Every structure is written in C-alpha cells, then in structure tokens.
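To start, the structure under review is shown below, and the notes come after it.
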Amino acid sequence: MNAQREFFEPEIVAFCCHYCAYAAADMAGSMRLSYPTNVKIIKIPCSGKTDVLYLLKAFEAGADGVFVAG
Amino acid sequence: MNNSSQAIGAVMVVGGGIAGIQASLDLAESGFKVYLIESSPAVGGRMAQLDKTFPTNDCAMCILSPKLVECSRHLNINLMTLADVLKVEGEPGNFEVTLRLRPRYVDLEKCTGCGACFKYCPVKVPDEFNLGLSERKAIYLMYPQAVPAACLIDMEKCRLCKACAKRCQAGAINLDDKERINKIKVGAIILAIGTDLYDARLKEELGFGRYQNVITALQFERILSPSGPYLGHIKRPSNGEEPKKIAFLQCIGSRDLENPFCSSVCCMYATKQAILAKEHLPQAHCEIFLMDMRAFSKGFDSYFHQAQERYGVKYTRCRVSAIKENPTSKNLLIKYQTDDGEIRKEEYNLVILSIGAQTSNKTHELAKALGIDLNEYGFCQTKEFTPLETSRPGVYLCGPFGEPKDIPETVTQASGGAAKAMELLVTARNTLVEEKTYPEEKQVEGEEPRIGVFICHCGTNIAGVIDVKEVLEFVKNLPGVIHAETMLYTCSGDSQKIIKEKIEESELNRVVVAACTPRTHEPLFQETLREAGLNPYLFEMANIRDQGSWVHSKEPEQATEKAKDLIRMSIARVRALEPLYGISLGLSRNALIIGGGLAGLTAALSLSEQGFGVYLVERESQLGGNLRKIFSTLEGNSPEKYLKELIDKVTASPRITLMLNARLVKTGGFIGNYQSVVRVGGEEKEIEHGVTIMATGGREYRGEDYLLGKDLRVLTQQDLEKVLASNPEKIKNAQTVVMIQCVGPFKPYQEKPFYCSRICCTVAIKNALRIKELNPQVQVVILYKDIRTYGFKEKYYNQSREKGILFVRFSDEKLPKLGVTADNNLQIEVEDFSLRKSLIFQPDLLVLSTAILPAEGSDELASILKIPLTEEGFFLEAHVKLRPVDFSAEGLFLCGMAHYPKLFEETVSQALATAGRAATILSKKELKVGGVVATVFPKKCAACLTCLRACPYGAPFINQEGLAQIEVAKCQGCGSCAAECPAKAIQLLHYKDEQIILKEEALLEKFGS
C-alpha cells in the first residue's frame, strides 16, 4: 500500500506516556524544534498500558513503524 | 490567638518555588484558602532551572511541571506573581498583609503565552533564566513552561515601539499597567523564600566574569538542560567546542571565612553534573576538587560510588586557590595537590564553580517587613526543637531559608509548615474555601454521537502554519460531526461561553478541541463541558500546536495534513468514549501511628491539635524511643525536658489513644478506610483509621567490631552520651579519647552497600566538644573518612578544630587497626591520608560512631502493610524528590529514622510533614474515587494473579468469588494490569482497547486497508 505514495515516507505511530514522553514531545514544540510530520503520537496514561495488541494492530493497518516511549 | 473564633481560614505562602507550591497544595487540599505570593513573573523557583535531580537523575521539569499546573488551577489557591510583601500587621490567626503588585504590562486573563509577540520585539537582553548564556526579548516568557503562562514586558528595556501590541491578537498588551497596593487577611503565614546563590565574582582569583570558560554550577545546569541556551549540548562558552577536560571546584562561597557553613547540596549536584557530563561526552575527563565528600542522605553514597566506578569521575581532595587563563586557547590552568601529595599543574577546557547558598539584601528587607529574626548567617532564626517556626508567632518557614537543604527536605518542611498553620487555624478550616456546583448531567448513553469540533488559531501560532479553513472543511464532513468552527483562542473566556452555547443549541454529546496540549488545557475544557451539563469524559483534544504547527513550521502543507489526521483520530476516539462517574466514600478521621518515639509523638500531637483521632502504637512499655538515650544537643538544650513535655501533652490529649506493648498484626482496606488489628499485651484490638503513619525509628549498630561488647573501654556514641550525662568524672580523668567514624556492618563498597548514617559526624563532634568542655586537657582524636557536618553543623566542626580536637582521615583501603598492648592498653594504629604516615594512639576510651540500622521488625511491618524497603532496609517513599513522606499506596506515610537516619530537628520536620499530608485526607468531607480506573470482566478472569503482580499500587485483589477485582480507591489509572492480563479480562476505563485501536485505525485508514 505504501507504493501509492510517490516517495517512501514511513508512517510512524508513537505511543507516549502522558507524564514523560508526551510531555517531552510538547517541550519540543515549546522550543520550536522540528521533526518529520509522519510521526503521530497517541497519548497513553503510562507506557505500562502499551498492549502488544496495539503494536500489531498498527502494523496490520499499515503503519511502517511503531514507537513506544515512556 | 486571643479569640479562636476570629481565626481566618486563609494562609499566605510567600515564595513560589517547590516549597511554596507544596505548602500551598497541602493547605488548599485540607480546607484552607491560600494566597501564594511570588516576586518573580512565574512560579517554579530554583527547581525549574535544574536539568536533572540527584540521586535518581529524574528530569526536574517533568516532575515539577504537573505541580505547577495543579497549583495554578486550584480553586482555592490565589496565585499572585510580581508581588512583594510590604507589611504584616496583626496577630496569629488574624494578620493583615500589605502587598505590592508590580505591573506586568500584559493582561494575565488575556495572554495565552503563545509567544507570537517575541518575534516582533526588537530589543534583545541577556536572559536571566539562562544566567546570561542566551538572550531574550523585552517582552518575554520567563521560561517555556512558565506558570502562569503569560508574557511580561521588561519596562526598563522596552523602547515602547508597540510592535508587540500591534501583533498580539489576544489584545493582551497593556502598556498603561500600574503598580497596585493590595491588602489581604490571613490567619497564618508560611515563608518559603529559598535562598540566593553566592556571587562567584567576589572570588577574583577564580576569574569568574573574566574568563569565559569559568562558569557557575547553575549556568552548567542550564547548559545541560534541553531547554537551555545550547539545547542540552555541552559547549564551551568561548568557542562552542565540546570540552575534553572539565573541572568542578567545590565550596565556592561555602565553608570559608565569609560563609562559614556548608551549603549541603553542592557535593551531590556536582556529582550529578559530572555524571551527566560523562553521559553527554563519554570521552571527557571530569574531575571534582573537594574537601570532604558530603553524600549524607538516602542513596547518596551509592550515587557517589557509581560516579567513580561506572562513570569514571575523578575526585581530588584539594581546595583550589586560583585559576589562570591561557589567553590564546582560553583553557584554564589549575595548580593543585594530588591525593599522593604531588603538586601538579593541569589545563582544563571548562571549569564549573559549585557555588553555595546565601541570603541577599532582599531577604533582609523581607525579614524586616515581617518582623522576624535572622541568624548569624542571615538565614531564618529557628530553635532546635521548633525548626519550622520563626521568631514571630503564626509565621512559619520551610525550605533552605532556614538552612541550606535539598529538594526532598524542602518538600518535607513545606508539608510540615502547612501542618503548623493547620494546627493554628483549626477552628477556621473550611470557612473560606469555595466549592463549585454544576448543573445536572445529561444522560447521553445510547444516543448517536453528536460531535462538536472547535479548532483553535491560537493567534497565529496554529493558523500561521496550518490552513485552519481547509482543516475545518475537512472536519465538517467527518461522520458524527454536527458542528465545527474555528476560534481565535479556544481557551479564552468568550470561547468557553460559545462552546457551552453550541453544546446547548446543537445538542452536542461529544466535544473535540483541536488546539494545544491536553496536559495543560484538558481540565479547562472538561470544566466547560461540566458547566454545560455534559460528562467531562466525553471530550478529546487533538494537539495540533505543540505537536503540530510548532514542530512543523517549515512544512505548512504537511502540518495541515497532520492536523487533519490528528483530528480524525480524536473524532474516532471521542465517538467511542463513555461517561464516567466517580463515587463518594465516607472515611475514618483517625490516624494509626506506628512507633512512639520523637517522630510518632510529634505526628500524633499535630494531628490531635488539628482535631483528628490518633491510635499511637508503641511496642515497648514506654514512649520516647531513641530520644530517651539523648542527653544533650549541639546548642545546649535539654532533650529530656522536651521529651517529657511532649509525652505529657500526648498523654493528656483526649484524642490520642495510647497502645503500649503493642504490635500491628494485620491491616486491610484502603485510603480513608483502613481496618487494622493491633495486639496490645495479650489482647487483639480492631481499629478503623483513614491513614497510617510509619514512625518505627532506627537503632544503633552494635556488632563486635573493635572489641565492642568485649572490652568495657570500647563504647558507642550512645554509650558515651550516657556516660557524659551520668558519670562525667570518668571522662574528665581520661587522657586520650579516640573516636572512629563509619563503623558498620559493611565493608565499604563490597559485601553490603555502604551508606552514610548522616548523624554520626555531628554526634561525634557534639560529644567531643562536651569532653573538651569537661576537661580541655583530654586529647580527643576523631578518625574519619569524610566529615559530613552539613549546613550550619559546620560551625561545630570549626569549633572543635579550634578547641584542638585532632582529626585524622583514613581511607577505605586502610581502616584503623585496634590492638591491646602487653600492659593491656588499647592501641589504635591508623595511616593518615594526607601525611601518608602511620599514627599510633593509646586511648583510655575508644568510641565507635556506629551505623544507624532500621528498627527491628521493619521487614515484618513492610510485608503486613505491603510497602517497599530499600536495600539497606529502610522504608522506601513514593518518590525520593517530590513525595518524600508518602508511600505509593495512598494514605500511608513515613517519618523519622524509619525513612533514613536523621537528626532531631529533621525528624520533627518530617513528622509534622506526615501530619500535614495526612490532614489532606482526614479533613475531606468525603473521598472521591473512580473515573479513569481499571475494571475486570469476571467472565474472562482466570484468577491467574498477573494483575496483582503488575499493579504498583496493590489495587487488584481476589474477591469472594475467587476472581480478580480492582479496589477502585487504590487504582491510579495506569492500566498496567490491563496490558498484562493474558485473558484480556481487564479494561482501563477511558482507555479501553477499542478506544485506542479506533484511533490507530483512523490514522491509517487513508492507506485503505
């Protein structure tokens, strides 16, 4: 399905802990740093909440990478 | 207070650092109105400037920021920034305070802190927050996460060009803002004003201010910080190169003639900075030049050990007297003596000065305005037994203003200071607090989703990058969206009104706001939903600013596409969200305190003064614990007298039930509703209590080291203390007394981890001075590794040197050896670290400063209460920095030596802190629990116990049906159990698998899978 895109741009889903990694992503914003737009963050209450199911579902639905930070 | 009915149920907290924030939160959570007065433009204090914190290397801002937000949002905390206290009149219980409110020139109500104005301001000034290492504009935000998140104008630098006023779309600029004088009425005052730092320019020989690569530790902290001047990269200020050799110089403005006290934190922060420097630049050589290593608190020694062994940080015992700069390379030349006695010259690329704490003129002015006394060092004058009280009744203090101290001790004192104010104002509790009422909630279950989407421009912050119109058109067509609009500032007061109206008009039952981060703004919008009669959980935010326009400003098209994705994801999730309801529980207003020593007695008395019931359980037949074995204090007060008074008060209190010869057998329940069984004598008693405080104390190690217990001439410090009190003649006639420090059940850094027992240096010096007082002719020798007389205890170390007490340093490798001569004399042989020579003493008495161990039975109690222990066997708190007296299970607290060895006044502060923290629970009318909690679907549960093991809070249990169930009051909503459950029998409400997966699928549906 990625072939539909002109250049290969991996779609990355990130699961971030509300308290740390999500806060760090906000901080990148406050400091006007930049990173590619193809990273989309899903906030979870704790990285311990990350379920294998979410990781597999992401790949099944077409994600190219999944990233868990906490 | 003359008439208690006049007491005012409000407290003024001066200083918005971590101390003031903690005191304010504790007071506001226990029924008092709080005025939090901060002189700078934002709260956060020194901690906000730190990169990480020792000894856990937690990110300072990550742990502080939620507290800042909580403080600013609290209904009963009135935060006043740019405010100074001018005058305090009245008496305890009823003060009138005159305040000066300096102009901000920016309307706090209107400014969203978006920072769009900075770009247009033409004036650049050195940034004070980064200590001059970067620049800011004349209109600025004190720091990126500042609370309140509002800009201000530096009028001294402003050119009045009005560029900001023209650009501010919120219309927040007010150049006509004026200074105002305000009066407030409060019942008590807590001073949490912190300290200033030593001005390193005064040490001209070190070249600070002249040599670019000589910086202060606080500057280095900003350099290490990812939000600092170099974005977290370590560079030399002179040329931006990475330093290869870094030197840290200790005791700059501490332990000298100017400031004859120890600043207590510098050894540890330098160690932390060296570790972080090695993490950033593994090849760099980091060397700390110090006198004594003062790693005297929980986990500090193992951190120090780690710095050397794992990171290769070098520690050299030398106080460097001068720095010279190489004018070409800007390197810095340091001449010093190595530990082997060799004089050496070395060049370093960067030198960091570990500056100490001191108070400033501003502190002196404030002290004058408040009418409180300062001590010989310019810090707050306190008394040994009342460390949190100033010289003016009704005015309390906490934090380094009393004595230099680290964050956990500061936070501890803050809760303790709050407890003192609560005691004073007990009759006024709940008289001035506000409670908000909401309309009845609409029932939306079973309805089709009717979603309202509000897209924020955030001035130009979002709209300047993202095409919000295009996003709006896209959103309108998404399933379930009934209403969508864009707003200039979604967070403004008018916008809340509009959102409420739209919920009414369009009968919305779900809301999505696409704006900034839910971390700061979700509670605001949830509040709006509640005001409109919607359940606050039917809400979702799409973060299109902090994680959108701000990070993708150079790719507006992609940023617009990402915003669409994020909103589509939020809409998918909001459709599946369900209303959640908390439940209210009643609670017991009693505390169970285990341990009747100084800690337990102090906590019991404070809680009883506050009107709560206490069960005080002591396993011995009398109260007093270790305090019964202390007969003198450094400042010459009588602990015996103090203890007697304390016991009399506790015994006389009708609210305290004493249980002597008693042990805790069993405990169950949860916060507010614990049931325990205590065995008193032969009888078992059942009690109900809302909180539990562990105050089980510690004990002196009495192993067989150095013939202890075998030869009567060998004593411990506690034995000596007793002899000094009861049989001073015995000491008077001695010729030589030798003391050995750091005697414990560990071989340094080998079998068992070495930990510093914190009090022994001070106790040894106290007793040594007492011997010299009895007979100046007695030779007193103290054999030590490091003298750790932190804070103002340094004074007594200086005194003991003046009195001729001999200090001999030995190393871990060569411990002193004890023998008995042919004529039956004790003989101690020790190699002096600096002289490299063996010294021999034949003492009449050998006194061992032995380690403090946890009380016997601590492990048993830990298993009854299901609370963790450290490697050394002390109880482990919820968070070593910001929750120093809480356990992670709510409603359980700890104080005194059960936490770690500590001095008398530290135990008092900590015990009061547990009383303050406990009061935040016991004073509640009811406990609200539930909301985002885990829930078990019994049919799927196989009772495999995985959830019981996964939960850090002990919330899951096996119920009568033999299935797992979650104790709602214990659940913190982390969802670890839900993720671990192999049968998928547990779901975390608001984060159900379906709700998360729908979000994922919404993101990826564009690929047409």
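The chains in the structure tokens are called A, B, ... from first to last as shown; in each chain the residues are counted from 1, and the ligands are counted from 1 in the order shown.
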(request) Quick one: everything within 8 Å of Asp786 of chain B, counting only C-alpha atoms, minus sequence neighbours fewer than 3 positions away in the same chain. Send it as a PyMOL selection string. (result) chain B and resi 292-294+809
Please save N, CA and C atoms of the selected residues as a short mmCIF file (atom, residue, chain, number, x, y, z; two decimals), in the first residue's frame.
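That gives us out_0.cif:
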data_model
loop_
_atom_site.label_atom_id
_atom_site.label_comp_id
_atom_site.auth_asym_id
_atom_site.auth_seq_id
_atom_site.Cartn_x
_atom_site.Cartn_y
_atom_site.Cartn_z
N ASP B 292 35.64 17.60 51.70
CA ASP B 292 35.03 16.35 52.15
C ASP B 292 33.90 16.04 51.18
N MET B 293 33.67 14.76 50.92
CA MET B 293 32.53 14.39 50.12
C MET B 293 31.33 14.27 51.05
N ARG B 294 30.34 15.14 50.85
CA ARG B 294 29.21 15.12 51.77
C ARG B 294 27.99 14.46 51.12
N ARG B 809 42.28 11.63 58.89
CA ARG B 809 41.50 11.00 57.84
C ARG B 809 42.14 9.68 57.44
#
(request) Kindly provide, as a ChimeraX atom specification, the residues of chain B having any atom no farther than 8 Å from an atom of chain A, counting only C-alpha atoms. (result) /B:62,144-145,227,517,519,545-548,550-553,558-559,562,566,973-980,991,993,996-997,999-1001,1004-1005,1007-1009
(message) To one decimal place in Å, what is the distance between atom CA of Glu403 of chain B and atom CA of Glu645 of chain B?
(response)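 According to the coordinates, atom CA of Glu403 of chain B and atom CA of Glu645 of chain B are separated by 26.2 Å.
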(request) Run DSSP on the backbone and grab whatever in segment 244-472 of chain B lands in strand (DSSP E or B); send it over as an NGL selection string. (result) :B and (245-252 or 285-290 or 314-317 or 323-325 or 332-337 or 343-348 or 350-355 or 357-358 or 374 or 380 or 383 or 386 or 389 or 395-397 or 451-456)
(message) Please compute the atom CA of Cys111 of chain B-atom CA of Ala28 of chain B distance, one decimal, in Å.
(response)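 Atom CA of Ala28 of chain B lies at a distance of 25.8 Å from atom CA of Cys111 of chain B.
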(request) Tell me, in Å to one decimal, how far atom CA of Pro536 of chain B is from atom CA of Glu445 of chain B. (result)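 Between atom CA of Pro536 of chain B and atom CA of Glu445 of chain B the gap is 13.8 Å.
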(request) Determine the nearest neighbour of Ile189 of chain B from the options B:Glu221, B:Glu831, B:Glu91, B:Glu70, counting only C-alpha atoms. (result)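 For Ile189 of chain B, the nearest of the candidates is B:Glu91.
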(message) Taking 6 positions as the minimum chain separation for residues in the same chain, which residues sit within 9 Å of Val320 of chain B when counting only C-alpha atoms? Answer as JSON, numbers by chain.
(response) {"B": [206, 249, 250, 289, 290, 334, 335, 336, 337]}
Save the residues we just selected, N, CA and C atoms, as an mmCIF file, in the first residue's frame?
data_model
loop_
_atom_site.group_PDB
_atom_site.id
_atom_site.type_symbol
_atom_site.label_atom_id
_atom_site.label_comp_id
_atom_site.auth_asym_id
_atom_site.auth_seq_id
_atom_site.Cartn_x
_atom_site.Cartn_y
_atom_site.Cartn_z
ATOM 1 N N LEU B 206 39.460 33.304 41.010
ATOM 2 C CA LEU B 206 38.940 32.212 40.182
ATOM 3 C C LEU B 206 38.520 32.708 38.805
ATOM 4 N N LEU B 249 34.928 22.832 40.902
ATOM 5 C CA LEU B 249 35.536 23.321 42.138
ATOM 6 C C LEU B 249 34.463 23.486 43.209
ATOM 7 N N GLN B 250 34.657 22.786 44.317
ATOM 8 C CA GLN B 250 33.639 22.782 45.380
ATOM 9 C C GLN B 250 33.838 23.902 46.379
ATOM 10 N N PHE B 289 37.173 18.779 42.489
ATOM 11 C CA PHE B 289 38.114 19.167 43.550
ATOM 12 C C PHE B 289 37.310 19.535 44.787
ATOM 13 N N LEU B 290 37.532 18.783 45.862
ATOM 14 C CA LEU B 290 36.668 18.978 47.027
ATOM 15 C C LEU B 290 37.457 18.819 48.320
ATOM 16 N N ILE B 334 45.051 25.025 36.341
ATOM 17 C CA ILE B 334 44.809 24.829 37.764
ATOM 18 C C ILE B 334 46.029 24.141 38.375
ATOM 19 N N LYS B 335 46.502 24.721 39.483
ATOM 20 C CA LYS B 335 47.614 24.115 40.209
ATOM 21 C C LYS B 335 47.023 23.480 41.458
ATOM 22 N N TYR B 336 47.318 22.209 41.660
ATOM 23 C CA TYR B 336 46.721 21.547 42.821
ATOM 24 C C TYR B 336 47.623 20.443 43.343
ATOM 25 N N GLN B 337 47.254 19.963 44.526
ATOM 26 C CA GLN B 337 47.999 18.855 45.109
ATOM 27 C C GLN B 337 47.201 17.575 44.896
#
(message) With only C-alpha atoms as the counted atoms, please give the residues lying no more than 8 Å from Leu846 of chain B, apart from itself and same-chain residues fewer than 2 positions off, as a list in words.
(response)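 Contacts, in chain order: Arg713, Val714, Leu715, Val737, Val738, Met739, Ile740, Pro843, Asp844 and Leu848 of chain B.
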Go ahead and write the residues just picked, N, CA and C atoms, as a compact mmCIF listing (two decimals), in the first residue's frame.
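Ended up saving to again_39.txt:
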# COMPACT_ATOMS: atom_id res chain seq x y z
N ARG B 713 36.23 -0.65 77.65
CA ARG B 713 36.76 0.66 77.25
C ARG B 713 36.29 1.07 75.85
N VAL B 714 35.61 0.16 75.21
CA VAL B 714 35.10 0.45 73.86
C VAL B 714 33.60 0.74 73.95
N LEU B 715 33.21 1.92 73.53
CA LEU B 715 31.82 2.36 73.64
C LEU B 715 31.27 2.76 72.27
N VAL B 737 40.92 10.22 74.27
CA VAL B 737 39.71 9.54 73.78
C VAL B 737 39.82 9.51 72.25
N VAL B 738 39.70 8.33 71.67
CA VAL B 738 39.71 8.23 70.21
C VAL B 738 38.33 7.81 69.74
N MET B 739 37.88 8.48 68.67
CA MET B 739 36.59 8.10 68.06
C MET B 739 36.86 7.58 66.66
N ILE B 740 36.15 6.54 66.27
CA ILE B 740 36.27 6.04 64.88
C ILE B 740 34.91 6.18 64.21
N PRO B 843 44.34 5.09 73.56
CA PRO B 843 43.26 5.80 74.23
C PRO B 843 42.79 5.10 75.50
N ASP B 844 42.27 5.92 76.42
CA ASP B 844 41.60 5.34 77.59
C ASP B 844 40.22 4.83 77.18
N LEU B 848 33.03 4.33 69.22
CA LEU B 848 32.72 3.99 67.83
C LEU B 848 31.45 4.72 67.39
(message) Can you tell me, as a VMD selection string, which residues in segment 239-372 of chain B count as alpha helix (DSSP H) by DSSP?
(response) chain B and resid 266 to 280 300 to 309 361 to 370
